[in-house]
>>> print(open('target-v8.pdb').read())   # PDB, C-alpha atoms
ATOM      1  CA  MET A  34     -11.293 -13.459 -34.392
ATOM      2  CA  MET A  35     -10.517 -11.281 -37.372
ATOM      3  CA  SER A  36      -7.798  -8.637 -37.122
ATOM      4  CA  GLY A  37      -8.734  -4.980 -37.599
ATOM      5  CA  ASN A  38      -6.266  -4.600 -40.442
ATOM      6  CA  ALA A  39      -7.630  -7.588 -42.330
ATOM      7  CA  LEU A  40     -11.202  -6.370 -41.887
ATOM      8  CA  ARG A  41     -10.265  -2.852 -43.006
ATOM      9  CA  ASP A  42      -8.492  -4.231 -46.063
ATOM     10  CA  LEU A  43     -11.532  -6.264 -47.051
ATOM     11  CA  ASN A  44     -13.921  -3.368 -46.639
ATOM     12  CA  THR A  45     -11.821  -0.936 -48.688
ATOM     13  CA  LEU A  46     -11.725  -3.165 -51.778
ATOM     14  CA  PRO A  47     -13.208  -1.926 -55.056
ATOM     15  CA  MET A  48     -16.640  -3.373 -55.724
ATOM     16  CA  SER A  49     -15.355  -5.566 -58.574
ATOM     17  CA  GLU A  50     -12.709  -7.124 -56.324
ATOM     18  CA  ARG A  51     -15.110  -7.427 -53.414
ATOM     19  CA  LYS A  52     -17.382  -9.454 -55.634
ATOM     20  CA  ASN A  53     -14.529 -11.655 -56.749
ATOM     21  CA  GLY A  54     -12.880 -11.967 -53.354
ATOM     22  CA  CYS A  55      -9.827 -10.140 -52.076
ATOM     23  CA  SER A  56      -7.625 -11.514 -54.807
ATOM     24  CA  SER A  57      -9.755 -14.406 -55.967
ATOM     25  CA  LYS A  58     -13.080 -14.746 -57.666
ATOM     26  CA  GLY A  59     -13.564 -17.906 -55.681
ATOM     27  CA  ASN A  60     -13.309 -16.912 -52.025
ATOM     28  CA  PHE A  61     -17.002 -17.250 -51.398
ATOM     29  CA  THR A  62     -18.990 -18.830 -54.129
ATOM     30  CA  LYS A  63     -22.433 -20.192 -54.808
ATOM     31  CA  PRO A  64     -24.328 -21.730 -51.886
ATOM     32  CA  CYS A  65     -24.265 -25.523 -51.749
ATOM     33  CA  ASN A  66     -27.863 -26.777 -51.646
ATOM     34  CA  GLY A  67     -28.857 -23.436 -50.128
ATOM     35  CA  ASN A  68     -27.353 -24.374 -46.774
ATOM     36  CA  THR A  69     -25.564 -21.883 -44.562
ATOM     37  CA  ILE A  70     -22.545 -22.887 -42.562
ATOM     38  CA  GLU A  71     -23.770 -21.450 -39.297
ATOM     39  CA  ASN A  72     -27.176 -20.527 -37.880
ATOM     40  CA  VAL A  73     -27.834 -17.050 -39.254
ATOM     41  CA  GLU A  74     -30.409 -15.875 -36.751
ATOM     42  CA  GLU A  75     -28.312 -17.116 -33.840
ATOM     43  CA  HIS A  76     -25.321 -15.076 -34.952
ATOM     44  CA  GLN A  77     -27.396 -12.003 -35.681
ATOM     45  CA  LYS A  78     -28.749 -12.096 -32.133
ATOM     46  CA  LYS A  79     -25.271 -12.482 -30.677
ATOM     47  CA  SER A  80     -23.556 -10.064 -33.080
ATOM     48  CA  PRO A  81     -25.952  -7.251 -34.067
ATOM     49  CA  ALA A  82     -23.130  -4.942 -35.215
ATOM     50  CA  SER A  83     -21.686  -6.505 -38.315
ATOM     51  CA  VAL A  84     -20.211  -5.698 -41.705
ATOM     52  CA  ASN A  85     -20.956  -7.606 -44.921
ATOM     53  CA  ILE A  86     -18.077  -8.789 -47.082
ATOM     54  CA  ASN A  87     -17.972 -10.613 -50.406
ATOM     55  CA  GLY A  88     -21.744 -10.502 -50.614
ATOM     56  CA  GLY A  89     -21.992 -13.615 -48.503
ATOM     57  CA  GLU A  90     -20.042 -13.346 -45.246
ATOM     58  CA  THR A  91     -20.887 -11.152 -42.302
ATOM     59  CA  VAL A  92     -18.132 -10.035 -39.956
ATOM     60  CA  ASN A  93     -18.768  -8.579 -36.537
ATOM     61  CA  ALA A  94     -16.598  -5.480 -36.500
ATOM     62  CA  GLY A  95     -15.869  -5.757 -32.801
ATOM     63  CA  ALA A  96     -15.923  -9.461 -32.048
ATOM     64  CA  GLU A  97     -16.143 -12.816 -33.758
ATOM     65  CA  VAL A  98     -16.799 -13.730 -37.377
ATOM     66  CA  ALA A  99     -20.319 -14.904 -38.111
ATOM     67  CA  ASN A 100     -21.153 -16.958 -41.170
ATOM     68  CA  LEU A 101     -24.127 -16.082 -43.286
ATOM     69  CA  GLU A 102     -23.917 -17.578 -46.752
ATOM     70  CA  VAL A 103     -20.497 -18.852 -47.741
ATOM     71  CA  GLU A 104     -20.493 -19.256 -51.500
ATOM     72  CA  TYR A 105     -18.145 -21.318 -53.622
ATOM     73  CA  ILE A 106     -17.097 -20.771 -57.231
ATOM     74  CA  GLU A 107     -16.256 -23.693 -59.475
ATOM     75  CA  SER A 108     -12.785 -23.936 -60.983
ATOM     76  CA  GLU A 109     -13.842 -22.969 -64.480
ATOM     77  CA  ASN A 110     -15.292 -19.692 -63.171
ATOM     78  CA  LEU A 111     -12.216 -18.547 -61.258
ATOM     79  CA  SER A 112     -10.475 -15.432 -62.566
ATOM     80  CA  ASP A 113      -6.750 -14.840 -62.878
ATOM     81  CA  LEU A 114      -4.671 -13.019 -60.274
ATOM     82  CA  GLU A 115      -3.820  -9.375 -60.796
ATOM     83  CA  ASP A 116      -0.528  -9.444 -58.863
ATOM     84  CA  VAL A 117       1.117 -12.863 -58.829
ATOM     85  CA  ASP A 118       4.309 -11.787 -57.048
ATOM     86  CA  THR A 119       2.482 -10.191 -54.121
ATOM     87  CA  CYS A 120       0.217 -13.209 -53.838
ATOM     88  CA  LEU A 121       3.191 -15.584 -53.725
ATOM     89  CA  LYS A 122       4.824 -13.593 -50.937
ATOM     90  CA  LYS A 123       1.713 -13.794 -48.765
ATOM     91  CA  LEU A 124       0.623 -17.310 -49.670
ATOM     92  CA  ILE A 125       2.262 -19.399 -46.914
ATOM     93  CA  ALA A 126       1.423 -16.880 -44.194
ATOM     94  CA  GLY A 127      -2.177 -16.759 -45.387
ATOM     95  CA  LEU A 128      -2.565 -20.537 -45.355
ATOM     96  CA  ASP A 129      -1.084 -20.699 -41.855
ATOM     97  CA  SER A 130      -3.113 -17.777 -40.521
ATOM     98  CA  LYS A 131      -5.372 -18.060 -37.482
ATOM     99  CA  ASP A 132      -7.890 -15.857 -39.296
ATOM    100  CA  TRP A 133     -10.141 -18.242 -41.211
ATOM    101  CA  VAL A 134     -11.126 -15.589 -43.777
ATOM    102  CA  LEU A 135      -7.480 -15.133 -44.724
ATOM    103  CA  VAL A 136      -7.041 -18.919 -44.914
ATOM    104  CA  VAL A 137      -9.974 -19.226 -47.330
ATOM    105  CA  GLU A 138      -8.564 -16.374 -49.403
ATOM    106  CA  ALA A 139      -5.141 -18.057 -49.521
ATOM    107  CA  LEU A 140      -6.656 -21.424 -50.470
ATOM    108  CA  ASN A 141      -8.474 -19.817 -53.360
ATOM    109  CA  ASN A 142      -5.266 -18.152 -54.439
ATOM    110  CA  VAL A 143      -3.625 -21.595 -54.500
ATOM    111  CA  ARG A 144      -6.457 -22.698 -56.772
ATOM    112  CA  ARG A 145      -5.940 -19.758 -59.098
ATOM    113  CA  LEU A 146      -2.179 -20.222 -59.160
ATOM    114  CA  SER A 147      -2.641 -23.916 -59.959
ATOM    115  CA  ILE A 148      -4.893 -23.055 -62.872
ATOM    116  CA  PHE A 149      -3.219 -19.958 -64.311
ATOM    117  CA  HIS A 150       0.383 -20.042 -63.026
ATOM    118  CA  LYS A 151       1.138 -23.669 -62.169
ATOM    119  CA  GLU A 152       4.903 -23.277 -62.553
ATOM    120  CA  ALA A 153       4.956 -20.417 -60.044
ATOM    121  CA  ILE A 154       4.173 -22.696 -57.086
ATOM    122  CA  HIS A 155       5.554 -25.973 -58.395
ATOM    123  CA  ASN A 156       8.609 -25.726 -56.159
ATOM    124  CA  MET A 157       6.408 -24.762 -53.195
ATOM    125  CA  LEU A 158       4.215 -27.865 -53.263
ATOM    126  CA  GLY A 159       6.161 -29.524 -50.462
ATOM    127  CA  ASP A 160       5.273 -26.585 -48.200
ATOM    128  CA  LEU A 161       1.759 -26.026 -49.524
ATOM    129  CA  ILE A 162       0.357 -29.554 -49.285
ATOM    130  CA  PRO A 163       0.748 -29.861 -45.476
ATOM    131  CA  LEU A 164      -1.078 -26.545 -45.086
ATOM    132  CA  VAL A 165      -3.893 -27.704 -47.371
ATOM    133  CA  VAL A 166      -4.103 -30.863 -45.237
ATOM    134  CA  LYS A 167      -4.258 -28.661 -42.152
ATOM    135  CA  SER A 168      -7.201 -26.796 -43.678
ATOM    136  CA  LEU A 169      -8.938 -30.085 -44.475
ATOM    137  CA  LYS A 170      -8.807 -30.835 -40.748
ATOM    138  CA  ASN A 171     -10.235 -27.419 -39.854
ATOM    139  CA  PRO A 172     -13.574 -27.711 -37.999
ATOM    140  CA  ARG A 173     -14.941 -24.664 -39.820
ATOM    141  CA  SER A 174     -16.867 -25.968 -42.804
ATOM    142  CA  ALA A 175     -16.023 -23.014 -45.074
ATOM    143  CA  VAL A 176     -12.308 -23.698 -44.685
ATOM    144  CA  CYS A 177     -12.696 -27.452 -45.036
ATOM    145  CA  LYS A 178     -14.785 -27.299 -48.199
ATOM    146  CA  THR A 179     -12.512 -24.711 -49.820
ATOM    147  CA  ALA A 180      -9.567 -26.996 -49.035
ATOM    148  CA  THR A 181     -11.297 -29.900 -50.802
ATOM    149  CA  MET A 182     -11.858 -27.705 -53.859
ATOM    150  CA  THR A 183      -8.213 -26.666 -53.685
ATOM    151  CA  SER A 184      -7.183 -30.339 -53.594
ATOM    152  CA  ALA A 185      -9.135 -31.041 -56.782
ATOM    153  CA  ASP A 186      -7.446 -28.168 -58.623
ATOM    154  CA  ILE A 187      -4.022 -29.241 -57.388
ATOM    155  CA  PHE A 188      -4.591 -32.802 -58.627
ATOM    156  CA  SER A 189      -5.669 -31.537 -62.028
ATOM    157  CA  ALA A 190      -2.629 -29.278 -62.317
ATOM    158  CA  TYR A 191       0.216 -31.359 -60.906
ATOM    159  CA  ASN A 192      -0.730 -35.002 -61.521
ATOM    160  CA  ASP A 193       2.111 -37.356 -60.517
ATOM    161  CA  ASP A 194       4.182 -34.521 -59.045
ATOM    162  CA  LEU A 195       2.012 -34.940 -55.938
ATOM    163  CA  ILE A 196       2.681 -38.627 -55.439
ATOM    164  CA  ASP A 197       5.305 -38.154 -52.700
ATOM    165  CA  SER A 198       2.952 -35.869 -50.747
ATOM    166  CA  LEU A 199      -0.221 -37.811 -51.472
ATOM    167  CA  ASP A 200      -0.657 -39.981 -48.360
ATOM    168  CA  PRO A 201      -1.869 -37.363 -45.828
ATOM    169  CA  LEU A 202      -3.963 -35.605 -48.481
ATOM    170  CA  LEU A 203      -5.586 -38.863 -49.562
ATOM    171  CA  LEU A 204      -6.411 -39.869 -45.998
ATOM    172  CA  GLN A 205      -8.130 -36.564 -45.238
ATOM    173  CA  LEU A 206     -10.138 -36.631 -48.466
ATOM    174  CA  LEU A 207     -11.302 -40.173 -47.712
ATOM    175  CA  LEU A 208     -12.321 -39.033 -44.231
ATOM    176  CA  LYS A 209     -14.146 -35.961 -45.505
ATOM    177  CA  SER A 210     -15.914 -37.925 -48.231
ATOM    178  CA  SER A 211     -17.165 -40.274 -45.501
ATOM    179  CA  GLN A 212     -18.601 -37.686 -43.123
ATOM    180  CA  ASP A 213     -22.193 -36.560 -42.619
ATOM    181  CA  LYS A 214     -21.918 -32.937 -43.790
ATOM    182  CA  ARG A 215     -23.244 -33.460 -47.280
ATOM    183  CA  PHE A 216     -21.794 -30.387 -48.998
ATOM    184  CA  VAL A 217     -18.297 -31.114 -47.649
ATOM    185  CA  CYS A 218     -18.700 -34.803 -48.470
ATOM    186  CA  GLU A 219     -19.681 -34.063 -52.077
ATOM    187  CA  ALA A 220     -16.745 -31.682 -52.555
ATOM    188  CA  ALA A 221     -14.349 -34.314 -51.187
ATOM    189  CA  GLU A 222     -15.794 -36.916 -53.563
ATOM    190  CA  ARG A 223     -15.181 -34.578 -56.495
ATOM    191  CA  ALA A 224     -11.600 -34.113 -55.317
ATOM    192  CA  LEU A 225     -11.141 -37.901 -55.194
ATOM    193  CA  GLU A 226     -12.545 -38.163 -58.714
ATOM    194  CA  ALA A 227     -10.045 -35.531 -59.869
ATOM    195  CA  MET A 228      -7.301 -37.569 -58.199
ATOM    196  CA  THR A 229      -8.270 -40.804 -59.955
ATOM    197  CA  THR A 230      -8.331 -39.097 -63.356
ATOM    198  CA  SER A 231      -5.115 -37.110 -62.856
ATOM    199  CA  VAL A 232      -2.655 -39.259 -60.924
ATOM    200  CA  SER A 233      -0.981 -42.262 -62.589
ATOM    201  CA  PRO A 234      -3.114 -45.334 -61.805
ATOM    202  CA  MET A 235      -0.071 -47.526 -61.274
ATOM    203  CA  SER A 236       1.140 -45.250 -58.476
ATOM    204  CA  LEU A 237      -2.318 -44.500 -57.132
ATOM    205  CA  LEU A 238      -3.402 -48.115 -56.690
ATOM    206  CA  HIS A 239      -0.482 -48.743 -54.339
ATOM    207  CA  LYS A 240      -1.509 -45.682 -52.312
ATOM    208  CA  LEU A 241      -5.151 -46.758 -52.157
ATOM    209  CA  GLN A 242      -4.631 -50.400 -51.238
ATOM    210  CA  PRO A 243      -3.947 -49.918 -47.487
ATOM    211  CA  HIS A 244      -7.205 -47.942 -47.146
ATOM    212  CA  LEU A 245      -9.187 -50.921 -48.443
ATOM    213  CA  LYS A 246      -8.517 -52.503 -45.043
ATOM    214  CA  ASN A 247      -9.339 -49.445 -42.933
ATOM    215  CA  ARG A 248     -11.439 -50.132 -39.829
ATOM    216  CA  ASN A 249     -13.949 -47.506 -40.924
ATOM    217  CA  PRO A 250     -16.330 -49.122 -43.461
ATOM    218  CA  ARG A 251     -17.091 -45.746 -45.056
ATOM    219  CA  ILE A 252     -13.430 -45.128 -45.756
ATOM    220  CA  ARG A 253     -13.111 -48.636 -47.184
ATOM    221  CA  ALA A 254     -16.071 -47.927 -49.448
ATOM    222  CA  LYS A 255     -14.647 -44.649 -50.777
ATOM    223  CA  ALA A 256     -11.243 -46.252 -51.293
ATOM    224  CA  SER A 257     -12.882 -49.169 -53.132
ATOM    225  CA  MET A 258     -14.677 -46.772 -55.467
ATOM    226  CA  CYS A 259     -11.417 -44.946 -56.219
ATOM    227  CA  PHE A 260      -9.623 -48.250 -56.758
ATOM    228  CA  SER A 261     -12.317 -49.498 -59.139
ATOM    229  CA  ARG A 262     -12.221 -46.250 -61.146
ATOM    230  CA  SER A 263      -8.431 -46.347 -61.420
ATOM    231  CA  VAL A 264      -7.954 -49.887 -62.733
ATOM    232  CA  PRO A 265      -9.445 -49.337 -66.221
ATOM    233  CA  ARG A 266      -7.010 -46.463 -66.717
ATOM    234  CA  LEU A 267      -4.163 -48.978 -66.582
ATOM    235  CA  GLY A 268      -5.255 -50.484 -69.882
ATOM    236  CA  VAL A 269      -4.774 -54.142 -70.768
ATOM    237  CA  GLU A 270      -0.989 -54.046 -70.601
ATOM    238  CA  GLY A 271      -0.979 -52.075 -67.373
ATOM    239  CA  ILE A 272      -3.357 -54.518 -65.717
ATOM    240  CA  LYS A 273      -1.142 -57.412 -66.758
ATOM    241  CA  GLU A 274       1.907 -55.558 -65.434
ATOM    242  CA  TYR A 275       0.249 -54.787 -62.094
ATOM    243  CA  GLY A 276      -0.943 -58.381 -61.850
ATOM    244  CA  ILE A 277      -4.474 -59.417 -62.704
ATOM    245  CA  ASP A 278      -4.225 -62.072 -59.992
ATOM    246  CA  LYS A 279      -3.522 -59.361 -57.376
ATOM    247  CA  LEU A 280      -6.417 -57.270 -58.636
ATOM    248  CA  ILE A 281      -8.882 -60.137 -58.581
ATOM    249  CA  GLN A 282      -7.893 -60.910 -54.988
ATOM    250  CA  VAL A 283      -8.530 -57.276 -54.016
ATOM    251  CA  ALA A 284     -11.924 -57.287 -55.723
ATOM    252  CA  ALA A 285     -12.894 -60.614 -54.174
ATOM    253  CA  SER A 286     -12.131 -59.329 -50.676
ATOM    254  CA  GLN A 287     -14.413 -56.318 -51.231
ATOM    255  CA  LEU A 288     -17.354 -58.452 -52.417
ATOM    256  CA  SER A 289     -18.220 -59.342 -48.830
ATOM    257  CA  ASP A 290     -17.605 -55.875 -47.390
ATOM    258  CA  GLN A 291     -20.110 -54.228 -45.068
ATOM    259  CA  LEU A 292     -21.294 -51.355 -47.270
ATOM    260  CA  PRO A 293     -23.036 -51.733 -50.652
ATOM    261  CA  GLU A 294     -20.731 -49.130 -52.231
ATOM    262  CA  SER A 295     -17.748 -51.406 -51.618
ATOM    263  CA  ARG A 296     -19.550 -54.417 -53.020
ATOM    264  CA  GLU A 297     -20.723 -52.560 -56.111
ATOM    265  CA  ALA A 298     -17.198 -51.222 -56.740
ATOM    266  CA  ALA A 299     -15.901 -54.798 -56.464
ATOM    267  CA  ARG A 300     -18.491 -56.077 -58.947
ATOM    268  CA  THR A 301     -17.580 -53.332 -61.421
ATOM    269  CA  LEU A 302     -13.894 -54.146 -61.050
ATOM    270  CA  LEU A 303     -14.461 -57.896 -61.519
ATOM    271  CA  LEU A 304     -16.342 -57.357 -64.769
ATOM    272  CA  GLU A 305     -13.488 -55.182 -66.020
ATOM    273  CA  LEU A 306     -10.931 -57.828 -65.069
ATOM    274  CA  GLN A 307     -12.947 -60.584 -66.698
ATOM    275  CA  ALA A 308     -13.134 -58.617 -69.957
ATOM    276  CA  VAL A 309      -9.388 -57.937 -69.888
ATOM    277  CA  TYR A 310      -8.547 -61.544 -69.056
ATOM    278  CA  GLU A 311     -10.652 -62.962 -71.844
ATOM    279  CA  LYS A 312      -9.409 -60.387 -74.326
ATOM    280  CA  SER A 313      -5.769 -60.972 -73.477
ATOM    281  CA  HIS A 314      -6.212 -64.754 -73.716
ATOM    282  CA  ASP A 315      -8.374 -64.527 -76.816
ATOM    283  CA  LEU A 316     -10.982 -66.647 -75.084
ATOM    284  CA  SER A 317     -14.118 -64.746 -75.974
ATOM    285  CA  THR A 318     -15.187 -67.268 -78.608
ATOM    286  CA  THR A 319     -13.465 -70.395 -77.353
ATOM    287  CA  ILE A 320     -14.467 -70.697 -73.708
ATOM    288  CA  SER A 321     -17.661 -72.589 -74.464
ATOM    289  CA  GLU A 322     -15.782 -74.981 -76.772
ATOM    290  CA  HIS A 323     -12.722 -75.600 -74.607
ATOM    291  CA  PRO A 324     -13.506 -74.750 -70.971
ATOM    292  CA  GLU A 325     -10.360 -76.508 -69.806
ATOM    293  CA  MET A 326      -8.050 -74.157 -71.738
ATOM    294  CA  GLY A 327      -7.373 -71.428 -69.234
ATOM    295  CA  SER A 328     -10.924 -70.210 -68.876
ATOM    296  CA  TRP A 329     -11.914 -67.358 -66.570
ATOM    297  CA  GLU A 330     -13.527 -69.901 -64.239
ATOM    298  CA  ASN A 331     -10.340 -71.944 -63.982
ATOM    299  CA  PHE A 332      -8.286 -68.810 -63.472
ATOM    300  CA  CYS A 333     -10.489 -67.655 -60.575
ATOM    301  CA  GLN A 334     -10.416 -71.083 -58.968
ATOM    302  CA  SER A 335      -6.620 -71.214 -59.214
ATOM    303  CA  LYS A 336      -6.086 -67.786 -57.633
ATOM    304  CA  LEU A 337      -8.792 -67.647 -54.958
ATOM    305  CA  SER A 338     -10.130 -69.726 -52.113
ATOM    306  CA  PRO A 339     -13.118 -71.902 -53.072
ATOM    307  CA  LEU A 340     -15.613 -69.588 -51.369
ATOM    308  CA  SER A 341     -14.106 -66.424 -52.918
ATOM    309  CA  ALA A 342     -13.953 -68.030 -56.355
ATOM    310  CA  GLN A 343     -17.579 -69.065 -56.046
ATOM    311  CA  ALA A 344     -18.608 -65.508 -55.128
ATOM    312  CA  VAL A 345     -16.602 -64.003 -57.983
ATOM    313  CA  LEU A 346     -17.979 -66.431 -60.568
ATOM    314  CA  ARG A 347     -21.505 -65.823 -59.361
ATOM    315  CA  VAL A 348     -21.055 -62.090 -60.092
ATOM    316  CA  THR A 349     -19.429 -62.513 -63.492
ATOM    317  CA  ASN A 350     -21.714 -65.343 -64.634
ATOM    318  CA  ILE A 351     -24.847 -63.361 -63.749
ATOM    319  CA  ALA A 352     -23.508 -60.448 -65.800
ATOM    320  CA  ARG A 353     -22.724 -62.758 -68.734
ATOM    321  CA  GLU A 354     -26.180 -64.351 -68.579
ATOM    322  CA  GLY A 355     -27.735 -60.900 -68.524
ATOM    323  CA  LEU A 356     -25.833 -59.928 -71.675
ATOM    324  CA  ALA A 357     -26.907 -63.145 -73.381
ATOM    325  CA  ILE A 358     -30.552 -62.522 -72.526
ATOM    326  CA  GLY A 359     -30.297 -58.913 -73.668
ATOM    327  CA  SER A 360     -28.892 -59.923 -77.038
TER
END
>>> encode(input="target-v8.pdb", output="structure tokens")
Amino acid sequence: MMSGNALRDLNTLPMSERKNGCSSKGNFTKPCNGNTIENVEEHQKKSPASVNINGGETVNAGAEVANLEVEYIESENLSDLEDVDTCLKKLIAGLDSKDWVLVVEALNNVRRLSIFHKEAIHNMLGDLIPLVVKSLKNPRSAVCKTATMTSADIFSAYNDDLIDSLDPLLLQLLLKSSQDKRFVCEAAERALEAMTTSVSPMSLLHKLQPHLKNRNPRIRAKASMCFSRSVPRLGVEGIKEYGIDKLIQVAASQLSDQLPESREAARTLLLELQAVYEKSHDLSTTISEHPEMGSWENFCQSKLSPLSAQAVLRVTNIAREGLAIGS
């Protein structure tokens, strides 16, 4: 239920601010695939007396909040804050509010602060991240999706500064990217992509590895995709430092996973590892001449069980044969 004061504040905003959100241009942004969060007609029948806010939400002045079209603005279209100090004072209370409209507003203010005033909340990250995680768990889709968008902006802004707070955030994003609500799922996937491009791969791989063994096959698949995307960012030296033998064992275990996404991520990773191995051993032109001299095949057979090695070599040999045919 929305407080009278909060509703009055929203309805007395200038038109320019109402369009942009209370203090954010991104409170309610473009519809995702044209879907509404709630059933519009159902709410209109139950709540005939209502007030429109932000051009997309409808609030029943006397009772509950009813969703019409909750819109979402992309990061690059967010506008700067007009009063940073006032926003900072209200930020924690807004994120912890029982009023979902205020929570969405606060989440969007976190996004804007991350983009335009990242130093202003740097010292608050330890308090902010648990509240973003709380919003990711919120059953209301508008709050959950806005929290995923907030996560992406936080990753882009703070990179490795989030590593100590990453575990609960990562788990929730993997869960949300695995659920059936498509527009929330897609937003969570974009947040995971932002994570894999922003956070140090050496640190991130250690965080991802436990999720590769999660009981939920969807979570394993999303974690595998993140893992596969992160490895190339290590570079040749980073892969050698992490341990190419450890990485090949991870990839081999995912080759037989339940979901095709996991298996495809494993195949992509194996081809990357093969290229790095052969480059680092300068074997690209000598394998066919001296197969006994530390070839990729011998390496796989020395590090994996016979069945796993056979599966790995089948993947990499098929890819090599395809390149040979193509050339």
>>> residues_around(input="target-v8.pdb", residues="region 304-310 of chain A", least_positions_apart="4", cutoff="8 Å", atoms="all atoms listed in the file", output="list of chain:residue names")
A:Pro265, A:Val269, A:Ile277, A:Leu280, A:Ile281, A:Arg300, A:His314, A:Trp329, A:Thr349, A:Ala352
>>> atom_distance(input="target-v8.pdb", atom1="CA of Ile106 (chain A)", atom2="CA of Thr179 (chain A)")
9.6 Å
>>> resolve_selection(input="target-v8.pdb", expression="the PyMOL selection byres ((chain A and resi 150-164) around 10)", output="ChimeraX atom specification")
/A:113-114,117-118,121,124-125,127-129,136,140,143-149,165-170,180,184,187,190-191,194-195,197-199,201-202
>>> write_last_selection(input="target-v8.pdb", atoms="C-alpha atoms", output="CSV table (one decimal), keeping the file's coordinate frame")
chain,number,residue,atom,x,y,z
A,113,ASP,CA,-6.8,-14.8,-62.9
A,114,LEU,CA,-4.7,-13.0,-60.3
A,117,VAL,CA,1.1,-12.9,-58.8
A,118,ASP,CA,4.3,-11.8,-57.0
A,121,LEU,CA,3.2,-15.6,-53.7
A,124,LEU,CA,0.6,-17.3,-49.7
A,125,ILE,CA,2.3,-19.4,-46.9
A,127,GLY,CA,-2.2,-16.8,-45.4
A,128,LEU,CA,-2.6,-20.5,-45.4
A,129,ASP,CA,-1.1,-20.7,-41.9
A,136,VAL,CA,-7.0,-18.9,-44.9
A,140,LEU,CA,-6.7,-21.4,-50.5
A,143,VAL,CA,-3.6,-21.6,-54.5
A,144,ARG,CA,-6.5,-22.7,-56.8
A,145,ARG,CA,-5.9,-19.8,-59.1
A,146,LEU,CA,-2.2,-20.2,-59.2
A,147,SER,CA,-2.6,-23.9,-60.0
A,148,ILE,CA,-4.9,-23.1,-62.9
A,149,PHE,CA,-3.2,-20.0,-64.3
A,165,VAL,CA,-3.9,-27.7,-47.4
A,166,VAL,CA,-4.1,-30.9,-45.2
A,167,LYS,CA,-4.3,-28.7,-42.2
A,168,SER,CA,-7.2,-26.8,-43.7
A,169,LEU,CA,-8.9,-30.1,-44.5
A,170,LYS,CA,-8.8,-30.8,-40.7
A,180,ALA,CA,-9.6,-27.0,-49.0
A,184,SER,CA,-7.2,-30.3,-53.6
A,187,ILE,CA,-4.0,-29.2,-57.4
A,190,ALA,CA,-2.6,-29.3,-62.3
A,191,TYR,CA,0.2,-31.4,-60.9
A,194,ASP,CA,4.2,-34.5,-59.0
A,195,LEU,CA,2.0,-34.9,-55.9
A,197,ASP,CA,5.3,-38.2,-52.7
A,198,SER,CA,3.0,-35.9,-50.7
A,199,LEU,CA,-0.2,-37.8,-51.5
A,201,PRO,CA,-1.9,-37.4,-45.8
A,202,LEU,CA,-4.0,-35.6,-48.5
>>> closest_residue(input="target-v8.pdb", among="A:Thr230, A:Ser295, A:Ser112, A:Ser210", to="Asp193 (chain A)", atoms="all atoms listed in the file")
A:Thr230
>>> resolve_selection(input="target-v8.pdb", expression="the PyMOL selection byres ((chain A and resi 238) around 10)", output="PyMOL selection string")
chain A and resi 229+232-237+239-243+256+259-261+263-264+267+275+280
>>> residues_around(input="target-v8.pdb", residues="Leu225 (chain A)", least_positions_apart="2", cutoff="10 Å", atoms="all atoms listed in the file", output="list in words")
Thr181, Ser184, Ala185, Phe188, Leu203, Leu206, Leu207, Ser210, Glu219, Ala220, Ala221, Glu222, Arg223, Ala227, Met228, Thr229, Thr230, Ser231, Lys255, Ala256, Met258 and Cys259 of chain A
>>> atom_distance(input="target-v8.pdb", atom1="CA of Phe216 (chain A)", atom2="CA of Lys246 (chain A)")
26.1 Å
>>> atom_distance(input="target-v8.pdb", atom1="CA of Leu302 (chain A)", atom2="CA of Asp200 (chain A)")
23.2 Å
>>> closest_residue(input="target-v8.pdb", among="A:Gln205, A:Gln343, A:Thr119, A:Asn110", to="Glu330 (chain A)", atoms="only C-alpha atoms")
A:Gln343
>>> resolve_selection(input="target-v8.pdb", expression="the PyMOL selection byres ((chain A and resi 293) around 12)", output="list in words")
Pro250, Arg251, Arg253, Ala254, Lys255, Ser257, Met258, Gln287, Leu288, Ser289, Asp290, Gln291, Leu292, Glu294, Ser295, Arg296, Glu297, Ala298, Ala299 and Arg300 of chain A
>>> closest_residue(input="target-v8.pdb", among="A:Cys177, A:Leu346, A:Ile196, A:Cys120", to="Ser328 (chain A)", atoms="only C-alpha atoms")
A:Leu346
>>> closest_residue(input="target-v8.pdb", among="A:Trp133, A:Asp213, A:Gly327, A:Asn142", to="Ala175 (chain A)", atoms="only C-alpha atoms")
A:Trp133
>>> closest_residue(input="target-v8.pdb", among="A:Met182, A:Val134, A:Ala285, A:Leu337", to="Glu107 (chain A)", atoms="all atoms listed in the file")
A:Met182
>>> closest_residue(input="target-v8.pdb", among="A:Ser341, A:Ser130, A:Ser211, A:Asn171", to="Gln282 (chain A)", atoms="all atoms listed in the file")
A:Ser341
>>> build_atoms(input="target-v8.pdb", residues="region 334-338 of chain A", atoms="N, CA and C atoms", output="PDB file, in the coordinates of the input")
ATOM      1  N   GLN A 334     -10.559 -69.973 -59.912  1.00  0.00           N
ATOM      2  CA  GLN A 334     -10.416 -71.083 -58.968  1.00  0.00           C
ATOM      3  C   GLN A 334      -8.963 -71.352 -58.599  1.00  0.00           C
ATOM      4  N   SER A 335      -8.037 -70.987 -59.507  1.00  0.00           N
ATOM      5  CA  SER A 335      -6.620 -71.214 -59.214  1.00  0.00           C
ATOM      6  C   SER A 335      -6.008 -70.105 -58.358  1.00  0.00           C
ATOM      7  N   LYS A 336      -6.654 -68.935 -58.330  1.00  0.00           N
ATOM      8  CA  LYS A 336      -6.086 -67.786 -57.633  1.00  0.00           C
ATOM      9  C   LYS A 336      -6.795 -67.446 -56.321  1.00  0.00           C
ATOM     10  N   LEU A 337      -7.985 -68.009 -56.115  1.00  0.00           N
ATOM     11  CA  LEU A 337      -8.792 -67.647 -54.958  1.00  0.00           C
ATOM     12  C   LEU A 337      -9.172 -68.877 -54.150  1.00  0.00           C
ATOM     13  N   SER A 338      -9.590 -68.633 -52.918  1.00  0.00           N
ATOM     14  CA  SER A 338     -10.130 -69.726 -52.113  1.00  0.00           C
ATOM     15  C   SER A 338     -11.440 -70.191 -52.753  1.00  0.00           C
TER      16      SER A 338
END
